[in-house]
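For reference, my_file.txt (compact mmCIF, N, CA and C atoms):
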# COMPACT_ATOMS: atom_id res chain seq x y z
N MET A 16 13.55 -22.15 6.81
CA MET A 16 13.28 -21.65 8.14
C MET A 16 11.85 -22.02 8.51
N SER A 17 11.62 -22.43 9.73
CA SER A 17 10.29 -22.88 10.14
C SER A 17 9.39 -21.70 10.46
N GLY A 18 8.08 -21.98 10.44
CA GLY A 18 7.10 -20.96 10.75
C GLY A 18 7.14 -20.57 12.22
N LEU A 19 6.72 -19.37 12.49
CA LEU A 19 6.65 -18.87 13.86
C LEU A 19 5.30 -19.22 14.48
N LEU A 20 5.28 -19.42 15.77
CA LEU A 20 4.03 -19.55 16.49
C LEU A 20 3.40 -18.17 16.55
N TRP A 21 2.07 -18.13 16.70
CA TRP A 21 1.37 -16.84 16.70
C TRP A 21 1.87 -15.94 17.84
N GLU A 22 2.22 -16.52 18.98
CA GLU A 22 2.77 -15.76 20.10
C GLU A 22 4.09 -15.09 19.70
N GLU A 23 4.89 -15.79 18.90
CA GLU A 23 6.17 -15.24 18.44
C GLU A 23 5.95 -14.10 17.45
N VAL A 24 4.94 -14.26 16.59
CA VAL A 24 4.60 -13.19 15.65
C VAL A 24 4.17 -11.95 16.44
N SER A 25 3.32 -12.17 17.44
CA SER A 25 2.85 -11.06 18.27
C SER A 25 4.01 -10.36 18.97
N ALA A 26 4.95 -11.14 19.49
CA ALA A 26 6.11 -10.56 20.17
C ALA A 26 6.97 -9.75 19.19
N LEU A 27 7.16 -10.26 17.98
CA LEU A 27 7.95 -9.55 16.97
C LEU A 27 7.33 -8.18 16.66
N TRP A 28 6.00 -8.12 16.65
CA TRP A 28 5.29 -6.89 16.34
C TRP A 28 4.95 -6.07 17.59
N ASN A 29 5.45 -6.52 18.76
CA ASN A 29 5.13 -5.85 20.02
C ASN A 29 3.63 -5.74 20.20
N GLY A 30 2.94 -6.81 19.87
CA GLY A 30 1.49 -6.80 19.90
C GLY A 30 0.90 -7.64 21.00
N GLU A 31 -0.41 -7.57 21.08
CA GLU A 31 -1.18 -8.31 22.08
C GLU A 31 -2.08 -9.29 21.34
N PRO A 32 -1.79 -10.61 21.44
CA PRO A 32 -2.59 -11.59 20.69
C PRO A 32 -3.96 -11.81 21.33
N PHE A 33 -4.93 -12.14 20.48
CA PHE A 33 -6.26 -12.50 20.95
C PHE A 33 -6.97 -13.30 19.88
N ASP A 34 -7.98 -14.07 20.28
CA ASP A 34 -8.80 -14.83 19.33
C ASP A 34 -9.97 -13.96 18.91
N CYS A 35 -10.32 -14.01 17.65
CA CYS A 35 -11.49 -13.27 17.16
C CYS A 35 -12.25 -14.18 16.20
N GLY A 36 -13.20 -14.92 16.76
CA GLY A 36 -13.96 -15.86 15.95
C GLY A 36 -13.07 -17.00 15.48
N THR A 37 -13.02 -17.21 14.18
CA THR A 37 -12.19 -18.28 13.61
C THR A 37 -10.82 -17.77 13.21
N ARG A 38 -10.50 -16.54 13.56
CA ARG A 38 -9.21 -15.94 13.19
C ARG A 38 -8.34 -15.77 14.43
N LEU A 39 -7.04 -15.75 14.23
CA LEU A 39 -6.10 -15.36 15.28
C LEU A 39 -5.71 -13.92 15.00
N CYS A 40 -5.72 -13.09 16.01
CA CYS A 40 -5.47 -11.67 15.82
C CYS A 40 -4.41 -11.17 16.79
N CYS A 41 -3.88 -10.03 16.46
CA CYS A 41 -2.88 -9.36 17.29
C CYS A 41 -3.04 -7.87 17.07
N LYS A 42 -3.18 -7.11 18.15
CA LYS A 42 -3.25 -5.65 18.04
C LYS A 42 -1.86 -5.09 18.28
N THR A 43 -1.46 -4.15 17.43
CA THR A 43 -0.17 -3.51 17.58
C THR A 43 -0.30 -2.04 17.16
N ALA A 44 0.57 -1.22 17.65
CA ALA A 44 0.54 0.20 17.29
C ALA A 44 1.25 0.40 15.95
N TYR A 45 0.66 1.24 15.12
CA TYR A 45 1.27 1.61 13.84
C TYR A 45 0.77 2.99 13.45
N ALA A 46 1.67 3.88 13.19
CA ALA A 46 1.35 5.24 12.73
C ALA A 46 0.35 5.93 13.66
N GLY A 47 0.55 5.76 14.96
CA GLY A 47 -0.28 6.45 15.93
C GLY A 47 -1.66 5.87 16.16
N GLN A 48 -1.93 4.70 15.61
CA GLN A 48 -3.22 4.04 15.82
C GLN A 48 -3.02 2.54 15.94
N MET A 49 -4.11 1.83 16.18
CA MET A 49 -4.02 0.39 16.34
C MET A 49 -4.18 -0.31 14.99
N LEU A 50 -3.34 -1.30 14.78
CA LEU A 50 -3.37 -2.13 13.58
C LEU A 50 -3.62 -3.56 14.02
N ASN A 51 -4.60 -4.22 13.40
CA ASN A 51 -4.88 -5.62 13.68
C ASN A 51 -4.15 -6.49 12.67
N LEU A 52 -3.33 -7.40 13.17
CA LEU A 52 -2.76 -8.45 12.34
C LEU A 52 -3.67 -9.65 12.53
N SER A 53 -3.99 -10.33 11.46
CA SER A 53 -4.87 -11.49 11.62
C SER A 53 -4.54 -12.55 10.58
N ARG A 54 -4.87 -13.78 10.97
CA ARG A 54 -4.75 -14.89 10.03
C ARG A 54 -5.93 -15.81 10.25
N ASP A 55 -6.29 -16.53 9.22
CA ASP A 55 -7.48 -17.37 9.33
C ASP A 55 -7.18 -18.66 10.06
N GLY A 56 -8.18 -19.11 10.79
CA GLY A 56 -8.26 -20.42 11.44
C GLY A 56 -7.04 -20.94 12.15
N GLY A 57 -7.16 -22.16 12.59
CA GLY A 57 -6.06 -22.83 13.26
C GLY A 57 -5.96 -22.44 14.72
N SER A 58 -4.83 -22.77 15.30
CA SER A 58 -4.61 -22.45 16.70
C SER A 58 -3.30 -21.69 16.83
N ALA A 59 -3.10 -21.11 17.99
CA ALA A 59 -1.89 -20.33 18.24
C ALA A 59 -0.64 -21.21 18.20
N GLU A 60 -0.82 -22.52 18.41
CA GLU A 60 0.32 -23.42 18.40
C GLU A 60 0.74 -23.81 16.99
N GLU A 61 -0.15 -23.63 16.03
CA GLU A 61 0.17 -23.97 14.65
C GLU A 61 0.94 -22.82 14.02
N PRO A 62 1.98 -23.13 13.25
CA PRO A 62 2.70 -22.07 12.57
C PRO A 62 1.77 -21.30 11.63
N PRO A 63 1.94 -19.99 11.53
CA PRO A 63 1.08 -19.21 10.66
C PRO A 63 1.49 -19.30 9.19
N SER A 64 2.17 -20.35 8.83
CA SER A 64 2.56 -20.66 7.45
C SER A 64 3.53 -19.64 6.85
N ARG A 65 4.16 -18.86 7.66
CA ARG A 65 5.18 -17.92 7.19
C ARG A 65 6.36 -17.99 8.15
N ASP A 66 7.56 -17.85 7.61
CA ASP A 66 8.74 -17.95 8.46
C ASP A 66 9.13 -16.57 9.02
N ALA A 67 10.12 -16.58 9.87
CA ALA A 67 10.56 -15.35 10.55
C ALA A 67 11.01 -14.28 9.55
N LEU A 68 11.67 -14.70 8.48
CA LEU A 68 12.13 -13.71 7.49
C LEU A 68 10.96 -12.98 6.85
N PHE A 69 9.89 -13.71 6.54
CA PHE A 69 8.69 -13.09 5.98
C PHE A 69 8.15 -12.03 6.93
N TRP A 70 7.97 -12.41 8.22
CA TRP A 70 7.38 -11.49 9.20
C TRP A 70 8.27 -10.29 9.45
N LYS A 71 9.59 -10.49 9.49
CA LYS A 71 10.51 -9.36 9.69
C LYS A 71 10.47 -8.42 8.49
N ARG A 72 10.47 -8.99 7.30
CA ARG A 72 10.40 -8.17 6.09
C ARG A 72 9.10 -7.38 6.05
N LEU A 73 8.01 -8.05 6.38
CA LEU A 73 6.71 -7.39 6.39
C LEU A 73 6.70 -6.21 7.36
N LYS A 74 7.25 -6.40 8.53
CA LYS A 74 7.30 -5.32 9.53
C LYS A 74 8.17 -4.16 9.04
N GLU A 75 9.34 -4.48 8.50
CA GLU A 75 10.26 -3.44 8.02
C GLU A 75 9.71 -2.67 6.83
N GLU A 76 9.01 -3.35 5.94
CA GLU A 76 8.54 -2.72 4.71
C GLU A 76 7.11 -2.17 4.81
N LEU A 77 6.48 -2.29 5.98
CA LEU A 77 5.09 -1.87 6.10
C LEU A 77 4.86 -0.42 5.66
N PRO A 78 5.69 0.54 6.03
CA PRO A 78 5.44 1.91 5.55
C PRO A 78 5.44 2.01 4.01
N ALA A 79 6.37 1.33 3.36
CA ALA A 79 6.41 1.35 1.89
C ALA A 79 5.22 0.60 1.29
N LEU A 80 4.84 -0.52 1.91
CA LEU A 80 3.69 -1.28 1.44
C LEU A 80 2.41 -0.47 1.59
N ASP A 81 2.31 0.27 2.68
CA ASP A 81 1.17 1.15 2.91
C ASP A 81 1.06 2.18 1.78
N LEU A 82 2.17 2.78 1.40
CA LEU A 82 2.15 3.75 0.30
C LEU A 82 1.74 3.10 -1.02
N LYS A 83 2.24 1.90 -1.29
CA LYS A 83 1.86 1.19 -2.51
C LYS A 83 0.36 0.90 -2.53
N ALA A 84 -0.16 0.46 -1.38
CA ALA A 84 -1.59 0.15 -1.30
C ALA A 84 -2.42 1.42 -1.50
N ARG A 85 -1.99 2.51 -0.90
CA ARG A 85 -2.72 3.78 -1.06
C ARG A 85 -2.70 4.26 -2.51
N THR A 86 -1.63 3.96 -3.23
CA THR A 86 -1.58 4.32 -4.66
C THR A 86 -2.62 3.52 -5.43
N VAL A 87 -2.75 2.23 -5.13
CA VAL A 87 -3.77 1.40 -5.77
C VAL A 87 -5.16 1.97 -5.47
N LEU A 88 -5.40 2.32 -4.20
CA LEU A 88 -6.70 2.87 -3.81
C LEU A 88 -6.97 4.22 -4.48
N GLN A 89 -5.96 5.08 -4.56
CA GLN A 89 -6.14 6.39 -5.18
C GLN A 89 -6.45 6.24 -6.67
N ASN A 90 -5.81 5.28 -7.32
CA ASN A 90 -6.09 5.02 -8.74
C ASN A 90 -7.52 4.51 -8.94
N ALA A 91 -7.99 3.71 -7.99
CA ALA A 91 -9.34 3.15 -8.09
C ALA A 91 -10.41 4.17 -7.72
N PHE A 92 -10.09 5.08 -6.82
CA PHE A 92 -11.04 6.08 -6.31
C PHE A 92 -10.40 7.46 -6.37
N PRO A 93 -10.20 8.01 -7.58
CA PRO A 93 -9.43 9.25 -7.74
C PRO A 93 -10.01 10.47 -7.03
N GLY A 94 -11.28 10.51 -6.77
CA GLY A 94 -11.88 11.67 -6.12
C GLY A 94 -11.88 11.61 -4.61
N GLU A 95 -11.36 10.55 -4.03
CA GLU A 95 -11.42 10.36 -2.59
C GLU A 95 -10.11 10.74 -1.90
N ASN A 96 -10.21 11.11 -0.63
CA ASN A 96 -9.04 11.45 0.17
C ASN A 96 -8.48 10.18 0.80
N ILE A 97 -7.76 9.41 0.03
CA ILE A 97 -7.23 8.12 0.46
C ILE A 97 -6.20 8.29 1.58
N ALA A 98 -5.46 9.37 1.56
CA ALA A 98 -4.44 9.61 2.59
C ALA A 98 -5.05 9.67 3.98
N ALA A 99 -6.32 10.03 4.09
CA ALA A 99 -6.97 10.16 5.39
C ALA A 99 -7.48 8.83 5.95
N LEU A 100 -7.50 7.79 5.13
CA LEU A 100 -8.02 6.51 5.60
C LEU A 100 -7.03 5.83 6.54
N PRO A 101 -7.50 5.37 7.69
CA PRO A 101 -6.60 4.66 8.59
C PRO A 101 -6.36 3.22 8.13
N LEU A 102 -5.10 2.81 8.18
CA LEU A 102 -4.75 1.41 7.96
C LEU A 102 -5.12 0.67 9.23
N THR A 103 -6.05 -0.26 9.13
CA THR A 103 -6.55 -0.95 10.32
C THR A 103 -6.29 -2.44 10.35
N GLU A 104 -5.91 -3.03 9.20
CA GLU A 104 -5.81 -4.49 9.14
C GLU A 104 -4.65 -4.93 8.26
N LEU A 105 -3.92 -5.92 8.73
CA LEU A 105 -2.94 -6.65 7.94
C LEU A 105 -3.39 -8.10 8.05
N ALA A 106 -3.94 -8.63 6.98
CA ALA A 106 -4.58 -9.95 7.03
C ALA A 106 -3.84 -10.97 6.16
N LEU A 107 -3.68 -12.15 6.73
CA LEU A 107 -3.16 -13.30 5.99
C LEU A 107 -4.27 -14.31 5.92
N ASP A 108 -4.59 -14.75 4.71
CA ASP A 108 -5.67 -15.70 4.50
C ASP A 108 -5.19 -16.81 3.58
N GLN A 109 -5.88 -17.93 3.68
CA GLN A 109 -5.58 -19.04 2.78
C GLN A 109 -6.27 -18.85 1.43
N GLY A 110 -7.29 -17.99 1.37
CA GLY A 110 -8.00 -17.74 0.13
C GLY A 110 -7.15 -16.96 -0.86
N GLU A 111 -7.32 -17.23 -2.12
CA GLU A 111 -6.51 -16.59 -3.15
C GLU A 111 -6.86 -15.13 -3.39
N SER A 112 -8.07 -14.72 -3.05
CA SER A 112 -8.47 -13.34 -3.36
C SER A 112 -7.69 -12.30 -2.56
N TYR A 113 -7.13 -12.70 -1.44
CA TYR A 113 -6.37 -11.76 -0.62
C TYR A 113 -4.87 -11.94 -0.77
N GLY A 114 -4.44 -12.70 -1.75
CA GLY A 114 -3.03 -12.87 -2.03
C GLY A 114 -2.27 -13.47 -0.86
N ALA A 115 -0.98 -13.18 -0.78
CA ALA A 115 -0.16 -13.66 0.33
C ALA A 115 -0.56 -12.96 1.62
N PHE A 116 -0.95 -11.71 1.49
CA PHE A 116 -1.46 -10.90 2.60
C PHE A 116 -2.17 -9.70 2.00
N SER A 117 -2.91 -8.99 2.82
CA SER A 117 -3.57 -7.78 2.34
C SER A 117 -3.55 -6.71 3.42
N LEU A 118 -3.58 -5.48 2.98
CA LEU A 118 -3.70 -4.34 3.89
C LEU A 118 -5.11 -3.81 3.76
N GLY A 119 -5.73 -3.54 4.91
CA GLY A 119 -7.12 -3.10 4.93
C GLY A 119 -7.27 -1.72 5.55
N TYR A 120 -8.14 -0.91 4.96
CA TYR A 120 -8.37 0.47 5.37
C TYR A 120 -9.84 0.67 5.71
N ASP A 121 -10.09 1.36 6.78
CA ASP A 121 -11.45 1.66 7.22
C ASP A 121 -11.93 2.90 6.48
N ALA A 122 -12.91 2.72 5.59
CA ALA A 122 -13.43 3.84 4.79
C ALA A 122 -14.67 4.46 5.41
N GLY A 123 -15.12 3.94 6.56
CA GLY A 123 -16.23 4.56 7.27
C GLY A 123 -17.58 3.92 6.99
N ASP A 124 -18.58 4.55 7.58
CA ASP A 124 -19.95 4.05 7.46
C ASP A 124 -20.58 4.41 6.12
N THR A 125 -21.37 3.47 5.61
CA THR A 125 -22.16 3.67 4.41
C THR A 125 -23.57 3.21 4.74
N PRO A 126 -24.55 3.51 3.87
CA PRO A 126 -25.90 3.01 4.12
C PRO A 126 -25.97 1.48 4.23
N ALA A 127 -25.02 0.78 3.60
CA ALA A 127 -25.01 -0.68 3.63
C ALA A 127 -24.23 -1.26 4.81
N GLY A 128 -23.50 -0.43 5.54
CA GLY A 128 -22.67 -0.88 6.66
C GLY A 128 -21.29 -0.26 6.58
N ARG A 129 -20.40 -0.71 7.43
CA ARG A 129 -19.04 -0.17 7.47
C ARG A 129 -18.25 -0.69 6.27
N LEU A 130 -17.58 0.21 5.55
CA LEU A 130 -16.83 -0.14 4.35
C LEU A 130 -15.34 -0.25 4.66
N TYR A 131 -14.75 -1.36 4.23
CA TYR A 131 -13.31 -1.57 4.34
C TYR A 131 -12.76 -1.82 2.95
N LEU A 132 -11.63 -1.22 2.65
CA LEU A 132 -10.95 -1.39 1.37
C LEU A 132 -9.66 -2.15 1.62
N PHE A 133 -9.47 -3.25 0.88
CA PHE A 133 -8.28 -4.08 1.04
C PHE A 133 -7.48 -4.07 -0.26
N VAL A 134 -6.16 -4.12 -0.12
CA VAL A 134 -5.26 -4.27 -1.26
C VAL A 134 -4.44 -5.54 -0.99
N ALA A 135 -4.56 -6.50 -1.89
CA ALA A 135 -3.84 -7.77 -1.77
C ALA A 135 -2.42 -7.61 -2.32
N PHE A 136 -1.49 -8.35 -1.71
CA PHE A 136 -0.10 -8.38 -2.15
C PHE A 136 0.28 -9.83 -2.44
N ASP A 137 1.16 -10.02 -3.42
CA ASP A 137 1.62 -11.37 -3.73
C ASP A 137 2.84 -11.73 -2.89
N GLU A 138 3.39 -12.89 -3.14
CA GLU A 138 4.54 -13.39 -2.38
C GLU A 138 5.77 -12.49 -2.52
N ALA A 139 5.86 -11.75 -3.63
CA ALA A 139 6.98 -10.84 -3.86
C ALA A 139 6.70 -9.44 -3.32
N PHE A 140 5.60 -9.29 -2.58
CA PHE A 140 5.20 -8.02 -1.97
C PHE A 140 4.80 -6.97 -3.01
N HIS A 141 4.25 -7.43 -4.13
CA HIS A 141 3.71 -6.53 -5.15
C HIS A 141 2.19 -6.44 -4.97
N PRO A 142 1.64 -5.23 -5.04
CA PRO A 142 0.19 -5.09 -4.84
C PRO A 142 -0.60 -5.50 -6.08
N ALA A 143 -1.82 -5.98 -5.82
CA ALA A 143 -2.76 -6.24 -6.91
C ALA A 143 -3.22 -4.90 -7.46
N GLY A 144 -3.68 -4.88 -8.68
CA GLY A 144 -4.07 -3.65 -9.32
C GLY A 144 -5.44 -3.12 -8.92
N GLU A 145 -6.27 -3.98 -8.35
CA GLU A 145 -7.64 -3.58 -7.97
C GLU A 145 -7.87 -3.86 -6.49
N PRO A 146 -8.52 -2.94 -5.80
CA PRO A 146 -8.82 -3.18 -4.39
C PRO A 146 -10.01 -4.12 -4.22
N ILE A 147 -10.14 -4.63 -3.01
CA ILE A 147 -11.26 -5.48 -2.62
C ILE A 147 -12.10 -4.66 -1.64
N CYS A 148 -13.39 -4.56 -1.90
CA CYS A 148 -14.29 -3.80 -1.02
C CYS A 148 -15.11 -4.76 -0.20
N GLU A 149 -15.18 -4.52 1.12
CA GLU A 149 -15.98 -5.34 2.01
C GLU A 149 -16.87 -4.43 2.86
N VAL A 150 -18.09 -4.86 3.06
CA VAL A 150 -19.01 -4.14 3.93
C VAL A 150 -19.35 -5.06 5.10
N CYS A 151 -19.22 -4.54 6.29
CA CYS A 151 -19.52 -5.33 7.50
C CYS A 151 -20.67 -4.70 8.25
As structure tokens, please, write out the structure in this file.
Amino acid sequence: MSGLLWEEVSALWNGEPFDCGTRLCCKTAYAGQMLNLSRDGGSAEEPPSRDALFWKRLKEELPALDLKARTVLQNAFPGENIAALPLTELALDQGESYGAFSLGYDAGDTPAGRLYLFVAFDEAFHPAGEPICEVC
């Protein structure tokens, strides 16, 4: 099955596509808040390197994937209230550190900047055992 155009991905997720720097993004509602879908580089006309089945499965399984990611985060940060963190990002990158895709959570402001916690998933939708921490 061929890859979807970014506009088609946005339509599948009932989202609003937009460009954000070198990434293609789409805002969509999830669990009462906004979720950004993003992928690195390219143009909206280029397939996002995933077919329709991948995107449909990802949308259908997002609640379960969210729970799996939160389990990884809770194991890594046992004293924190992980359930309260908003899921803000579903990112697809070409880099290996973020796996096939990753789920990102806004952990709030720190003295070093805003902290985001990401959990990478592989092609089989299994989470990595360790989260990725980013400060912006």
Handout entry: Between atom N of Glu31 in chain A and atom N of Glu104 in chain A, distance in Å (one decimal)
Key = 13.9 Å
Exercise for the section: Identify, on the basis of all atoms listed in the file, every residue whose closest approach to Glu138 in chain A does not exceed 6.5 Å; exclude the query and any residue fewer than 6 positions from it along the same chain; express the result as an MDAnalysis selection string. Expected result: chainID A and resid 114:116
Handout entry: Pick from A:Leu102, A:Ala139, A:Cys151, A:Leu107 nearest to Ala127 in chain A, counting all atoms listed in the file
Key =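 Of the candidates, the smallest distance to Ala127 in chain A is held by A:Cys151.
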Handout entry: Nearest to Asp55 in chain A by atom-to-atom distance, counting all atoms listed in the file, from A:Asp81, A:Asp124, A:Glu149, A:Asp108
Key = A:Asp108
Handout entry: Contacts of Ile97 in chain A at 6.5 Å (only N, CA and C atoms; same-chain gap of 2+ positions) as number ranges by chain
Key = A: 85, 88-89, 95, 99-100
Give me a file of those residues, with N, CA and C atoms, as an mmCIF file, in the frame of the given file.
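Now in part.cif:
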data_model
loop_
_atom_site.group_PDB
_atom_site.id
_atom_site.type_symbol
_atom_site.label_atom_id
_atom_site.label_comp_id
_atom_site.auth_asym_id
_atom_site.auth_seq_id
_atom_site.Cartn_x
_atom_site.Cartn_y
_atom_site.Cartn_z
ATOM 1 N N ARG A 85 -1.990 2.510 -0.900
ATOM 2 C CA ARG A 85 -2.720 3.780 -1.060
ATOM 3 C C ARG A 85 -2.700 4.260 -2.510
ATOM 4 N N LEU A 88 -5.400 2.320 -4.200
ATOM 5 C CA LEU A 88 -6.700 2.870 -3.810
ATOM 6 C C LEU A 88 -6.970 4.220 -4.480
ATOM 7 N N GLN A 89 -5.960 5.080 -4.560
ATOM 8 C CA GLN A 89 -6.140 6.390 -5.180
ATOM 9 C C GLN A 89 -6.450 6.240 -6.670
ATOM 10 N N GLU A 95 -11.360 10.550 -4.030
ATOM 11 C CA GLU A 95 -11.420 10.360 -2.590
ATOM 12 C C GLU A 95 -10.110 10.740 -1.900
ATOM 13 N N ALA A 99 -6.320 10.030 4.090
ATOM 14 C CA ALA A 99 -6.970 10.160 5.390
ATOM 15 C C ALA A 99 -7.480 8.830 5.950
ATOM 16 N N LEU A 100 -7.500 7.790 5.130
ATOM 17 C CA LEU A 100 -8.020 6.510 5.600
ATOM 18 C C LEU A 100 -7.030 5.830 6.540
#
Exercise for the section: Measuring atom to atom with only C-alpha atoms, identify which of A:Leu82, A:Leu118, A:Ala143, A:Ala98 is nearest to Ser53 in chain A. Expected result: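 Among the listed residues, A:Leu118 lies closest to Ser53 in chain A.
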Handout entry: Interatomic distance (Å, one decimal) between CA of Pro146 in chain A and CA of Leu132 in chain A
Key =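 The value is 6.4 Å.
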Handout entry: Between CA of Glu23 in chain A and CA of Leu77 in chain A - distance in Å to one decimal
Key = 18.2 Å
Practice task
Can you check which residues of range 53-118 of chain A DSSP gives as alpha helix (DSSP H) on the backbone and send them as a list in words?
Solution key: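 Those in range 53-118 of chain A that DSSP calls alpha helix (DSSP H) are Ala67, Leu68, Phe69, Trp70, Lys71, Arg72, Leu73, Lys74, Glu75, Glu76, Leu77, Pro78, Ala79, Leu80, Asp81, Leu82, Lys83, Ala84, Arg85, Thr86, Val87, Leu88, Gln89, Asn90 and Ala91 of chain A.
For the set A:Ala46, A:Thr125, A:Trp21, A:Asn29, the residue with the smallest atom-to-atom gap to Pro78 in chain A is A:Ala46, counting only C-alpha atoms.
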Practice task
Determine the nearest neighbour of Leu80 in chain A from the options A:Asp121, A:Gly36, A:Met49, A:Pro142, counting all atoms listed in the file.
Solution key: A:Pro142
